[in-house]
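Engineer: Dropping in final-v9.txt, with compact mmCIF, C-alpha atoms and all ligand atoms.
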# COMPACT_ATOMS: atom_id res chain seq x y z
CA MET A 1 7.85 -14.12 -4.19
CA TRP A 2 4.26 -12.95 -4.13
CA GLU A 3 0.68 -13.91 -4.90
CA MET A 4 -2.63 -12.17 -5.24
CA VAL A 5 -6.26 -13.14 -5.50
CA ASN A 6 -8.92 -11.56 -7.73
CA ASN A 7 -12.67 -11.87 -8.06
CA ARG A 8 -13.68 -14.67 -10.39
CA ARG A 9 -15.98 -12.41 -12.41
CA ILE A 10 -16.43 -8.64 -12.74
CA LEU A 11 -19.46 -7.08 -14.42
CA PHE A 12 -19.02 -3.42 -15.31
CA GLY A 13 -21.59 -1.04 -16.79
CA GLU A 14 -24.96 0.61 -16.37
CA ASN A 15 -27.80 -1.58 -15.08
CA ARG A 16 -25.61 -4.64 -14.65
CA ILE A 17 -27.27 -5.18 -11.23
CA ASP A 18 -30.24 -6.57 -13.18
CA GLU A 19 -28.12 -9.66 -13.88
CA ILE A 20 -27.93 -10.72 -10.20
CA PRO A 21 -30.89 -13.16 -10.31
CA GLY A 22 -29.57 -14.86 -13.45
CA ILE A 23 -26.15 -15.40 -11.89
CA LEU A 24 -27.68 -16.92 -8.75
CA GLN A 25 -29.99 -19.13 -10.81
CA TRP A 26 -27.04 -20.46 -12.79
CA TYR A 27 -25.43 -21.62 -9.55
CA GLY A 28 -28.74 -23.15 -8.38
CA LEU A 29 -28.96 -20.86 -5.33
CA LYS A 30 -32.32 -20.45 -3.61
CA LYS A 31 -32.04 -18.20 -0.54
CA VAL A 32 -29.98 -15.02 -0.40
CA PHE A 33 -28.54 -13.40 2.71
CA PHE A 34 -29.04 -9.83 1.44
CA ALA A 35 -26.76 -7.46 3.39
CA THR A 36 -27.50 -3.82 2.69
CA GLY A 37 -27.73 -0.35 4.23
CA ASN A 38 -30.80 1.80 4.72
CA SER A 39 -29.87 4.81 2.61
CA ASN A 40 -31.36 3.57 -0.66
CA PRO A 41 -34.67 1.70 -0.10
CA ALA A 42 -35.55 1.98 -3.80
CA LEU A 43 -32.44 0.06 -4.80
CA ARG A 44 -33.15 -2.61 -2.20
CA GLU A 45 -36.71 -2.95 -3.47
CA ARG A 46 -35.61 -3.12 -7.10
CA ILE A 47 -33.15 -5.95 -6.41
CA GLY A 48 -35.61 -7.72 -4.06
CA ASN A 49 -38.35 -7.63 -6.70
CA ALA A 50 -36.00 -9.00 -9.35
CA LEU A 51 -34.99 -11.87 -7.06
CA GLU A 52 -38.62 -12.73 -6.31
CA ALA A 53 -39.50 -12.66 -10.00
CA ALA A 54 -36.75 -15.23 -10.56
CA GLY A 55 -38.12 -17.48 -7.79
CA ILE A 56 -35.28 -16.70 -5.37
CA THR A 57 -36.14 -15.83 -1.76
CA TYR A 58 -34.03 -13.56 0.44
CA PHE A 59 -33.46 -12.35 3.97
CA VAL A 60 -32.55 -8.66 4.37
CA TYR A 61 -29.84 -7.93 6.93
CA ASN A 62 -29.74 -4.16 7.42
CA ARG A 63 -28.26 -3.87 10.90
CA ILE A 64 -24.84 -2.74 9.68
CA LYS A 65 -24.68 0.87 10.79
CA GLY A 66 -21.30 2.50 10.40
CA GLU A 67 -18.21 0.38 10.49
CA PRO A 68 -18.94 -3.25 11.43
CA ASP A 69 -18.18 -4.59 14.88
CA LEU A 70 -17.97 -8.11 16.28
CA HIS A 71 -21.64 -8.18 17.36
CA VAL A 72 -22.94 -7.25 13.90
CA ILE A 73 -20.93 -10.08 12.39
CA ASN A 74 -21.73 -12.78 14.96
CA ASN A 75 -25.41 -11.79 14.84
CA GLY A 76 -25.42 -11.81 11.03
CA ARG A 77 -23.90 -15.28 10.90
CA ASP A 78 -26.53 -16.62 13.37
CA LEU A 79 -29.30 -15.19 11.18
CA PHE A 80 -27.69 -16.54 7.97
CA LEU A 81 -27.91 -20.04 9.46
CA ALA A 82 -31.34 -19.59 11.12
CA GLU A 83 -32.79 -18.35 7.82
CA ASP A 84 -31.20 -21.24 5.93
CA CYS A 85 -29.47 -18.99 3.39
CA ASP A 86 -27.15 -20.52 0.79
CA CYS A 87 -25.34 -17.42 -0.57
CA THR A 88 -24.60 -13.76 0.23
CA LEU A 89 -25.34 -10.57 -1.67
CA ALA A 90 -23.82 -7.35 -0.30
CA VAL A 91 -25.13 -4.06 -1.72
CA GLY A 92 -23.60 -1.06 0.01
CA GLY A 93 -20.46 0.80 0.99
CA GLY A 94 -17.29 -0.72 2.41
CA SER A 95 -18.85 -1.38 5.83
CA VAL A 96 -21.67 -3.47 4.38
CA ILE A 97 -19.34 -5.41 2.07
CA ASP A 98 -16.76 -6.03 4.81
CA ALA A 99 -19.42 -7.22 7.26
CA ALA A 100 -20.98 -9.50 4.63
CA LYS A 101 -17.54 -10.89 3.77
CA ALA A 102 -16.95 -11.96 7.37
CA ILE A 103 -20.51 -13.23 7.93
CA ASN A 104 -20.33 -15.30 4.76
CA MET A 105 -17.03 -16.88 5.80
CA MET A 106 -18.32 -17.69 9.28
CA ALA A 107 -21.49 -19.28 7.89
CA THR A 108 -19.41 -22.34 6.99
CA ASN A 109 -16.51 -21.99 9.39
CA GLY A 110 -18.22 -21.56 12.77
CA GLY A 111 -16.82 -19.87 15.85
CA LEU A 112 -16.95 -16.21 16.79
CA ALA A 113 -15.59 -13.22 14.87
CA GLU A 114 -13.22 -12.36 17.73
CA GLU A 115 -11.48 -15.73 17.35
CA TYR A 116 -10.56 -14.95 13.73
CA GLN A 117 -9.72 -11.33 14.49
CA MET A 118 -7.70 -11.67 17.68
CA SER A 119 -6.63 -15.30 18.12
CA GLY A 120 -5.71 -16.27 14.57
CA ARG A 121 -8.41 -18.94 14.20
CA ALA A 122 -7.94 -20.51 10.75
CA VAL A 123 -10.44 -20.47 7.92
CA THR A 124 -10.74 -24.14 6.91
CA THR A 125 -13.90 -24.39 4.78
CA LEU A 126 -14.89 -22.67 1.54
CA PRO A 127 -17.45 -19.89 2.23
CA PRO A 128 -20.79 -19.77 0.34
CA PHE A 129 -21.13 -17.98 -3.03
CA PHE A 130 -20.78 -14.22 -2.57
CA ILE A 131 -21.71 -11.25 -4.81
CA ALA A 132 -20.55 -7.72 -3.89
CA VAL A 133 -22.10 -4.55 -5.32
CA PRO A 134 -20.36 -1.36 -4.13
CA THR A 135 -22.61 1.72 -3.87
CA THR A 136 -19.73 4.07 -3.00
CA ALA A 137 -16.46 4.47 -4.88
CA GLY A 138 -13.53 4.32 -2.50
CA THR A 139 -13.06 1.49 -0.08
CA GLY A 140 -12.25 -1.16 -2.70
CA ALA A 141 -13.82 -3.73 -0.34
CA GLU A 142 -15.35 -5.49 -3.34
CA ALA A 143 -11.84 -6.32 -4.60
CA THR A 144 -10.21 -7.60 -1.39
CA LYS A 145 -10.13 -10.68 0.81
CA VAL A 146 -9.98 -8.50 3.95
CA SER A 147 -12.70 -7.47 6.38
CA VAL A 148 -11.92 -4.58 8.75
CA VAL A 149 -13.84 -4.98 11.99
CA LYS A 150 -14.09 -2.91 15.15
CA ASN A 151 -13.43 -4.91 18.29
CA ASN A 152 -16.09 -4.05 20.90
CA TYR A 153 -13.86 -5.05 23.83
CA ASN A 154 -10.67 -3.11 23.14
CA GLY A 155 -11.98 -0.45 20.70
CA LEU A 156 -9.39 -1.30 18.04
CA LYS A 157 -10.06 -1.79 14.35
CA LYS A 158 -8.41 -4.95 13.11
CA SER A 159 -8.65 -7.10 10.03
CA MET A 160 -9.73 -10.66 9.48
CA TYR A 161 -8.92 -12.17 6.13
CA HIS A 162 -8.50 -15.24 3.98
CA THR A 163 -8.04 -15.85 0.27
CA THR A 164 -11.48 -17.47 0.05
CA MET A 165 -13.26 -14.46 1.57
CA ILE A 166 -13.02 -12.38 -1.63
CA ALA A 167 -16.32 -11.91 -3.49
CA ASP A 168 -16.83 -14.46 -6.27
CA VAL A 169 -18.60 -11.84 -8.38
CA THR A 170 -18.30 -8.05 -8.22
CA ILE A 171 -20.78 -5.83 -10.02
CA LEU A 172 -19.60 -2.30 -10.81
CA ASP A 173 -22.72 -0.43 -11.85
CA PRO A 174 -22.05 3.34 -11.92
CA LEU A 175 -25.75 4.19 -11.77
CA VAL A 176 -25.97 2.98 -8.17
CA THR A 177 -23.35 5.55 -7.10
CA VAL A 178 -24.97 8.55 -8.79
CA GLY A 179 -26.92 9.64 -5.71
CA MET A 180 -23.87 9.74 -3.44
CA PRO A 181 -23.58 13.14 -1.72
CA LYS A 182 -20.60 15.35 -2.56
CA ARG A 183 -18.99 15.02 0.86
CA LEU A 184 -19.06 11.22 0.68
CA THR A 185 -17.84 11.26 -2.94
CA ALA A 186 -14.88 13.39 -1.87
CA ALA A 187 -13.99 11.32 1.20
CA THR A 188 -14.30 7.94 -0.49
CA GLY A 189 -12.36 9.27 -3.48
CA MET A 190 -9.48 10.30 -1.20
CA ASP A 191 -9.59 6.82 0.36
CA ALA A 192 -9.25 5.25 -3.10
CA LEU A 193 -6.40 7.59 -4.00
CA SER A 194 -4.67 6.64 -0.74
CA HIS A 195 -4.94 2.93 -1.61
CA ALA A 196 -3.44 3.55 -5.04
CA ILE A 197 -0.57 5.77 -3.86
CA GLU A 198 0.31 3.90 -0.67
CA SER A 199 0.34 0.50 -2.36
CA TYR A 200 2.40 1.84 -5.28
CA VAL A 201 5.23 2.94 -2.98
CA SER A 202 4.88 -0.13 -0.72
CA LEU A 203 8.01 -2.24 -0.29
CA ASN A 204 5.80 -5.23 -1.15
CA ALA A 205 4.53 -3.77 -4.44
CA THR A 206 4.28 -6.28 -7.30
CA PRO A 207 4.08 -5.74 -11.08
CA ILE A 208 0.32 -6.32 -10.87
CA SER A 209 -0.28 -4.04 -7.87
CA GLU A 210 1.78 -1.30 -9.53
CA MET A 211 -0.23 -1.58 -12.72
CA ASN A 212 -3.49 -1.41 -10.77
CA GLY A 213 -2.24 1.47 -8.63
CA LEU A 214 -1.18 3.68 -11.55
CA GLN A 215 -4.40 3.03 -13.46
CA SER A 216 -6.38 3.88 -10.33
CA ILE A 217 -4.49 7.18 -9.98
CA ARG A 218 -5.13 8.10 -13.65
CA LEU A 219 -8.87 7.46 -13.36
CA ILE A 220 -9.21 9.32 -10.05
CA LYS A 221 -7.27 12.29 -11.44
CA ARG A 222 -9.53 12.36 -14.49
CA SER A 223 -12.82 12.16 -12.63
CA LEU A 224 -12.83 12.80 -8.86
CA GLU A 225 -13.24 16.56 -9.18
CA LYS A 226 -15.85 16.06 -11.91
CA ALA A 227 -17.83 13.55 -9.82
CA CYS A 228 -17.87 16.03 -6.92
CA ALA A 229 -18.84 19.03 -9.06
CA HIS A 230 -21.34 17.17 -11.24
CA PRO A 231 -22.84 14.27 -9.22
CA GLU A 232 -25.02 13.16 -12.16
CA ASP A 233 -22.06 12.70 -14.51
CA VAL A 234 -22.27 8.94 -15.10
CA LYS A 235 -18.95 8.82 -16.97
CA ALA A 236 -17.17 10.40 -13.99
CA ARG A 237 -18.98 8.01 -11.63
CA ALA A 238 -17.90 5.09 -13.79
CA ASP A 239 -14.25 6.25 -13.68
CA MET A 240 -14.40 6.58 -9.91
CA LEU A 241 -15.96 3.14 -9.48
CA LEU A 242 -13.22 1.60 -11.62
CA GLY A 243 -10.51 3.71 -9.98
CA SER A 244 -11.70 2.51 -6.60
CA TYR A 245 -11.80 -1.09 -7.81
CA PHE A 246 -8.22 -0.91 -9.14
CA GLY A 247 -7.16 0.72 -5.85
CA GLY A 248 -8.73 -2.21 -3.99
CA CYS A 249 -6.84 -4.68 -6.21
CA ALA A 250 -3.61 -2.77 -5.53
CA ILE A 251 -3.81 -2.84 -1.72
CA SER A 252 -2.98 -6.52 -1.64
CA ALA A 253 0.58 -5.09 -1.79
CA GLY A 254 0.05 -3.39 1.56
CA ILE A 255 -0.79 0.06 2.79
CA GLY A 256 1.44 2.64 4.41
CA ILE A 257 1.65 5.19 7.11
CA ALA A 258 -1.40 7.27 6.07
CA HIS A 259 -3.67 4.27 6.61
CA ILE A 260 -1.81 3.06 9.67
CA MET A 261 -2.54 6.39 11.34
CA ALA A 262 -5.98 6.92 9.83
CA GLN A 263 -7.45 3.64 11.08
CA PRO A 264 -7.06 3.90 14.89
CA ILE A 265 -7.50 7.68 14.96
CA GLY A 266 -10.66 7.35 12.90
CA ALA A 267 -12.02 4.90 15.46
CA MET A 268 -11.01 7.10 18.44
CA TYR A 269 -12.43 10.40 17.21
CA ASP A 270 -15.18 9.03 15.01
CA ILE A 271 -13.64 10.39 11.81
CA PRO A 272 -14.93 8.80 8.58
CA HIS A 273 -12.18 6.64 7.11
CA GLY A 274 -11.90 8.63 3.87
CA ASP A 275 -11.62 11.92 5.77
CA ALA A 276 -8.82 10.51 7.91
CA CYS A 277 -6.99 9.30 4.76
CA SER A 278 -7.44 12.73 3.22
CA ILE A 279 -5.74 14.35 6.21
CA PHE A 280 -2.80 11.93 6.38
CA LEU A 281 -2.04 11.13 2.72
CA PRO A 282 0.04 14.22 1.75
CA LEU A 283 1.83 14.11 5.13
CA ALA A 284 2.74 10.47 4.49
CA MET A 285 3.97 11.34 0.99
CA GLU A 286 6.18 14.12 2.36
CA PHE A 287 7.54 11.80 5.03
CA ASN A 288 8.38 9.08 2.47
CA LEU A 289 9.62 11.41 -0.26
CA ASP A 290 13.32 10.58 -0.13
CA ASN A 291 12.75 6.84 0.22
CA ALA A 292 10.50 6.43 -2.82
CA THR A 293 11.45 9.38 -5.00
CA LYS A 294 11.30 7.58 -8.35
CA LYS A 295 7.93 6.05 -7.49
CA TYR A 296 6.45 9.41 -6.55
CA ALA A 297 7.79 10.74 -9.85
CA ASP A 298 5.84 7.92 -11.59
CA ILE A 299 2.78 9.03 -9.61
CA ALA A 300 3.31 12.59 -10.86
CA GLU A 301 3.25 11.18 -14.38
CA ALA A 302 -0.03 9.35 -13.71
CA LEU A 303 -1.45 12.57 -12.22
CA GLY A 304 -0.40 14.42 -15.37
CA VAL A 305 1.84 16.92 -13.56
CA ALA A 306 5.32 15.53 -14.29
CA VAL A 307 7.65 17.78 -16.27
CA HIS A 308 9.60 15.90 -18.93
CA GLY A 309 13.33 15.99 -18.22
CA ALA A 310 12.92 17.35 -14.68
CA ALA A 311 14.62 15.65 -11.73
CA ASP A 312 12.61 12.83 -10.10
CA ARG A 313 12.55 14.67 -6.80
CA ASP A 314 11.03 17.76 -8.40
CA ASN A 315 8.37 15.67 -10.10
CA ALA A 316 7.77 13.76 -6.85
CA MET A 317 7.08 17.09 -5.12
CA ARG A 318 4.69 18.02 -7.94
CA ALA A 319 2.76 14.82 -7.14
CA ILE A 320 2.37 15.88 -3.52
CA GLU A 321 1.25 19.38 -4.52
CA GLU A 322 -1.26 17.91 -6.96
CA VAL A 323 -2.78 15.63 -4.31
CA LYS A 324 -3.14 18.68 -2.03
CA ARG A 325 -4.68 20.70 -4.87
CA ILE A 326 -7.26 17.98 -5.60
CA ARG A 327 -8.05 17.72 -1.88
CA THR A 328 -8.71 21.45 -1.63
CA SER A 329 -10.67 21.52 -4.86
CA ILE A 330 -13.13 18.84 -3.65
CA GLY A 331 -13.36 20.25 -0.11
CA ALA A 332 -11.86 17.18 1.57
CA PRO A 333 -10.34 17.79 5.02
CA ASP A 334 -6.68 18.64 5.64
CA SER A 335 -6.65 18.81 9.43
CA LEU A 336 -7.85 16.84 12.47
CA LYS A 337 -8.87 20.04 14.26
CA SER A 338 -12.57 20.12 13.46
CA TYR A 339 -12.96 16.47 14.56
CA LEU A 340 -11.55 17.09 18.01
CA ALA A 341 -14.49 19.39 18.80
CA GLY A 342 -12.47 21.61 21.11
CA GLN A 343 -10.83 18.72 22.99
CA VAL A 344 -7.08 18.94 23.46
CA ALA A 345 -5.51 16.14 21.42
CA ASP A 346 -4.02 13.52 23.73
CA LEU A 347 -0.88 12.88 21.68
CA ASP A 348 0.48 10.18 24.03
CA PHE A 349 -2.76 8.22 23.82
CA MET A 350 -2.94 8.65 20.03
CA VAL A 351 0.61 7.39 19.61
CA GLU A 352 0.02 4.42 21.94
CA THR A 353 -3.16 3.47 20.04
CA VAL A 354 -1.40 3.57 16.70
CA LYS A 355 1.47 1.47 18.06
CA LYS A 356 -0.97 -1.28 19.03
CA THR A 357 -2.11 -1.73 15.43
CA THR A 358 1.17 -1.42 13.59
CA GLY A 359 1.51 -5.08 12.67
CA HIS A 360 1.34 -4.30 8.96
CA ILE A 361 3.56 -1.22 8.77
CA THR A 362 6.56 -3.21 7.54
CA CYS A 363 5.95 -2.21 3.93
CA ASN A 364 6.08 1.58 4.33
CA PRO A 365 9.12 2.77 2.31
CA ARG A 366 10.60 4.69 5.25
CA LYS A 367 11.09 3.20 8.69
CA VAL A 368 8.52 4.38 11.18
CA ASP A 369 8.87 4.80 14.92
CA GLU A 370 7.05 6.44 17.80
CA GLN A 371 8.71 9.76 17.12
CA VAL A 372 7.36 9.71 13.55
CA TYR A 373 3.80 9.10 14.67
CA ARG A 374 4.05 12.01 17.08
CA GLN A 375 5.56 14.30 14.44
CA ILE A 376 2.86 13.46 11.85
CA PHE A 377 0.07 13.90 14.39
CA GLU A 378 1.39 17.33 15.27
CA LEU A 379 1.45 18.28 11.59
CA ALA A 380 -2.12 17.02 11.18
CA LEU A 381 -3.53 19.16 14.00
FE FE A 401 -8.75 2.81 3.02
Could you render the structure from this file as structure tokens?

Structural biologist:
Amino acid sequence: MWEMVNNRRILFGENRIDEIPGILQWYGLKKVFFATGNSNPALRERIGNALEAAGITYFVYNRIKGEPDLHVINNGRDLFLAEDCDCTLAVGGGSVIDAAKAINMMATNGGLAEEYQMSGRAVTTLPPFFIAVPTTAGTGAEATKVSVVKNNYNGLKKSMYHTTMIADVTILDPLVTVGMPKRLTAATGMDALSHAIESYVSLNATPISEMNGLQSIRLIKRSLEKACAHPEDVKARADMLLGSYFGGCAISAGIGIAHIMAQPIGAMYDIPHGDACSIFLPLAMEFNLDNATKKYADIAEALGVAVHGAADRDNAMRAIEEVKRIRTSIGAPDSLKSYLAGQVADLDFMVETVKKTTGHITCNPRKVDEQVYRQIFELAL
């Protein structure tokens, strides 16, 4: 038994962002809560001018710096209401989209973000209309109903989610990702690959998540190295944007041990999420190898490294080697060392922190315990 939720509408292609005002007009919307970052003022201006020309006003919310926390969300919701907005437009990376997702939900549901995150407060009212435009290719936030938020009081990253929180419309316009620096392209690409691979071997995988996962892997294999080597290659950017989107669709089936370890450790040592995924993904694959052999062999096929007629285990190992090769080729990190800045890793503390956020580890193909966390941390150092 399973279910999944998708965006109602997806617009893919160059310059599709120009259609935002027309979509909002069709729904009769008048005032946009425009959540965005500060890295691309020209893009913000272009969209703002187009909205004005269509007679739509907007309020820019650009206080989302780094991964969103409770304050950014509660503050955003207060401003959404004070400014009398009637819809949300998120243009940015995963942090901006996740923050906007939670703000938009709370605009009609009330309360504080911590109540939804920590106390299980229920979402009872349909959120306002919501358009998501990803400007990076990796998090898949535009395809999910989940918002990952940092809790200011206990330092943990935890999700809040509901079926109705997913963006109504997602616009995948490769031109808005062309300026992404190589380092960010590599890290977000490894995040997307982690979503695809971890969800594919998840015990909760479904026929739809598997289809999305494999397609994501094929696209990332075809274009991640190209997008890093040739940032202006629009075709490679388009593949990565789609690969990331399919990866986001696939993670409704659950993520595995690479993400489980990447999330709290990323928060503790200030490691960008994609970098942390890059470090843990091959280690997670090696750990799970004998519990999902056939599935890793399928992944080898999608990566184009499977040998016809070879044993599944041999092909599964080829998949792991290929992920490592891609990681090296794009200069993505393979060790936690440089992030510790000379500090001695406090393994006990790291293990305890991961244990506190292991609520969703039930779908990893191999059983995980404290000893496993410790062992994988040691390998990642
Ligand atoms: Fe991720």

Engineer: Within 10 Å of Phe377 in chain A, counting only C-alpha atoms, which residues qualify if same-chain residues fewer than 6 places away don't, as a ChimeraX atom specification?

Structural biologist: /A:261,265,280,283,335-336,345,347,350-351,371

Engineer: Any chance you could tabulate, as JSON lines, the residues of chain A at most 12 Å from ligand FE 401 (chain A) with each one's nearest atom pair and distance in Å to one decimal, using all atoms listed in the file, in chain and rising number order?

Structural biologist:
{"residue": "A:Gly94", "atom": "CA", "partner": "A:FE401", "partner_atom": "FE", "distance": 9.3}
{"residue": "A:Ser95", "atom": "CA", "partner": "A:FE401", "partner_atom": "FE", "distance": 11.3}
{"residue": "A:Ala137", "atom": "CA", "partner": "A:FE401", "partner_atom": "FE", "distance": 11.2}
{"residue": "A:Gly138", "atom": "CA", "partner": "A:FE401", "partner_atom": "FE", "distance": 7.5}
{"residue": "A:Thr139", "atom": "CA", "partner": "A:FE401", "partner_atom": "FE", "distance": 5.5}
{"residue": "A:Gly140", "atom": "CA", "partner": "A:FE401", "partner_atom": "FE", "distance": 7.8}
{"residue": "A:Ala141", "atom": "CA", "partner": "A:FE401", "partner_atom": "FE", "distance": 8.9}
{"residue": "A:Thr144", "atom": "CA", "partner": "A:FE401", "partner_atom": "FE", "distance": 11.4}
{"residue": "A:Val146", "atom": "CA", "partner": "A:FE401", "partner_atom": "FE", "distance": 11.4}
{"residue": "A:Ser147", "atom": "CA", "partner": "A:FE401", "partner_atom": "FE", "distance": 11.5}
{"residue": "A:Val148", "atom": "CA", "partner": "A:FE401", "partner_atom": "FE", "distance": 9.9}
{"residue": "A:Ala187", "atom": "CA", "partner": "A:FE401", "partner_atom": "FE", "distance": 10.2}
{"residue": "A:Thr188", "atom": "CA", "partner": "A:FE401", "partner_atom": "FE", "distance": 8.3}
{"residue": "A:Gly189", "atom": "CA", "partner": "A:FE401", "partner_atom": "FE", "distance": 9.8}
{"residue": "A:Met190", "atom": "CA", "partner": "A:FE401", "partner_atom": "FE", "distance": 8.6}
{"residue": "A:Asp191", "atom": "CA", "partner": "A:FE401", "partner_atom": "FE", "distance": 4.9}
{"residue": "A:Ala192", "atom": "CA", "partner": "A:FE401", "partner_atom": "FE", "distance": 6.6}
{"residue": "A:Leu193", "atom": "CA", "partner": "A:FE401", "partner_atom": "FE", "distance": 8.8}
{"residue": "A:Ser194", "atom": "CA", "partner": "A:FE401", "partner_atom": "FE", "distance": 6.7}
{"residue": "A:His195", "atom": "CA", "partner": "A:FE401", "partner_atom": "FE", "distance": 6.0}
{"residue": "A:Ala196", "atom": "CA", "partner": "A:FE401", "partner_atom": "FE", "distance": 9.7}
{"residue": "A:Ile197", "atom": "CA", "partner": "A:FE401", "partner_atom": "FE", "distance": 11.1}
{"residue": "A:Glu198", "atom": "CA", "partner": "A:FE401", "partner_atom": "FE", "distance": 9.8}
{"residue": "A:Ser199", "atom": "CA", "partner": "A:FE401", "partner_atom": "FE", "distance": 10.8}
{"residue": "A:Ser244", "atom": "CA", "partner": "A:FE401", "partner_atom": "FE", "distance": 10.1}
{"residue": "A:Tyr245", "atom": "CA", "partner": "A:FE401", "partner_atom": "FE", "distance": 11.9}
{"residue": "A:Gly247", "atom": "CA", "partner": "A:FE401", "partner_atom": "FE", "distance": 9.3}
{"residue": "A:Gly248", "atom": "CA", "partner": "A:FE401", "partner_atom": "FE", "distance": 8.6}
{"residue": "A:Ala250", "atom": "CA", "partner": "A:FE401", "partner_atom": "FE", "distance": 11.4}
{"residue": "A:Ile251", "atom": "CA", "partner": "A:FE401", "partner_atom": "FE", "distance": 8.9}
{"residue": "A:Ser252", "atom": "CA", "partner": "A:FE401", "partner_atom": "FE", "distance": 11.9}
{"residue": "A:Gly254", "atom": "CA", "partner": "A:FE401", "partner_atom": "FE", "distance": 10.9}
{"residue": "A:Ile255", "atom": "CA", "partner": "A:FE401", "partner_atom": "FE", "distance": 8.4}
{"residue": "A:Gly256", "atom": "CA", "partner": "A:FE401", "partner_atom": "FE", "distance": 10.3}
{"residue": "A:Ile257", "atom": "CA", "partner": "A:FE401", "partner_atom": "FE", "distance": 11.4}
{"residue": "A:Ala258", "atom": "CA", "partner": "A:FE401", "partner_atom": "FE", "distance": 9.1}
{"residue": "A:His259", "atom": "CA", "partner": "A:FE401", "partner_atom": "FE", "distance": 6.4}
{"residue": "A:Ile260", "atom": "CA", "partner": "A:FE401", "partner_atom": "FE", "distance": 9.6}
{"residue": "A:Met261", "atom": "CA", "partner": "A:FE401", "partner_atom": "FE", "distance": 11.0}
{"residue": "A:Ala262", "atom": "CA", "partner": "A:FE401", "partner_atom": "FE", "distance": 8.4}
{"residue": "A:Gln263", "atom": "CA", "partner": "A:FE401", "partner_atom": "FE", "distance": 8.2}
{"residue": "A:Gly266", "atom": "CA", "partner": "A:FE401", "partner_atom": "FE", "distance": 11.0}
{"residue": "A:Pro272", "atom": "CA", "partner": "A:FE401", "partner_atom": "FE", "distance": 10.2}
{"residue": "A:His273", "atom": "CA", "partner": "A:FE401", "partner_atom": "FE", "distance": 6.6}
{"residue": "A:Gly274", "atom": "CA", "partner": "A:FE401", "partner_atom": "FE", "distance": 6.7}
{"residue": "A:Asp275", "atom": "CA", "partner": "A:FE401", "partner_atom": "FE", "distance": 9.9}
{"residue": "A:Ala276", "atom": "CA", "partner": "A:FE401", "partner_atom": "FE", "distance": 9.1}
{"residue": "A:Cys277", "atom": "CA", "partner": "A:FE401", "partner_atom": "FE", "distance": 6.9}
{"residue": "A:Ser278", "atom": "CA", "partner": "A:FE401", "partner_atom": "FE", "distance": 10.0}
{"residue": "A:Phe280", "atom": "CA", "partner": "A:FE401", "partner_atom": "FE", "distance": 11.4}
{"residue": "A:Leu281", "atom": "CA", "partner": "A:FE401", "partner_atom": "FE", "distance": 10.7}

Engineer: Quick one: distance from CA of Leu81 in chain A to CA of Thr124 in chain A in Å, one decimal?

Structural biologist: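 Separation of CA of Leu81 in chain A and CA of Thr124 in chain A: 17.8 Å.
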
Engineer: So which one's closest to Met106 in chain A, A:Phe130, A:Asn74, A:Gly155, A:Leu89? Using only C-alpha atoms, please.

Structural biologist: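 Closest residue, counting only C-alpha atoms: A:Asn74.
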
Engineer: Measure the distance from CA of Lys65 in chain A to CA of Asn40 in chain A in Å and round it to one decimal.

Structural biologist: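 Straight-line distance from CA of Lys65 in chain A to CA of Asn40 in chain A works out to 13.5 Å.
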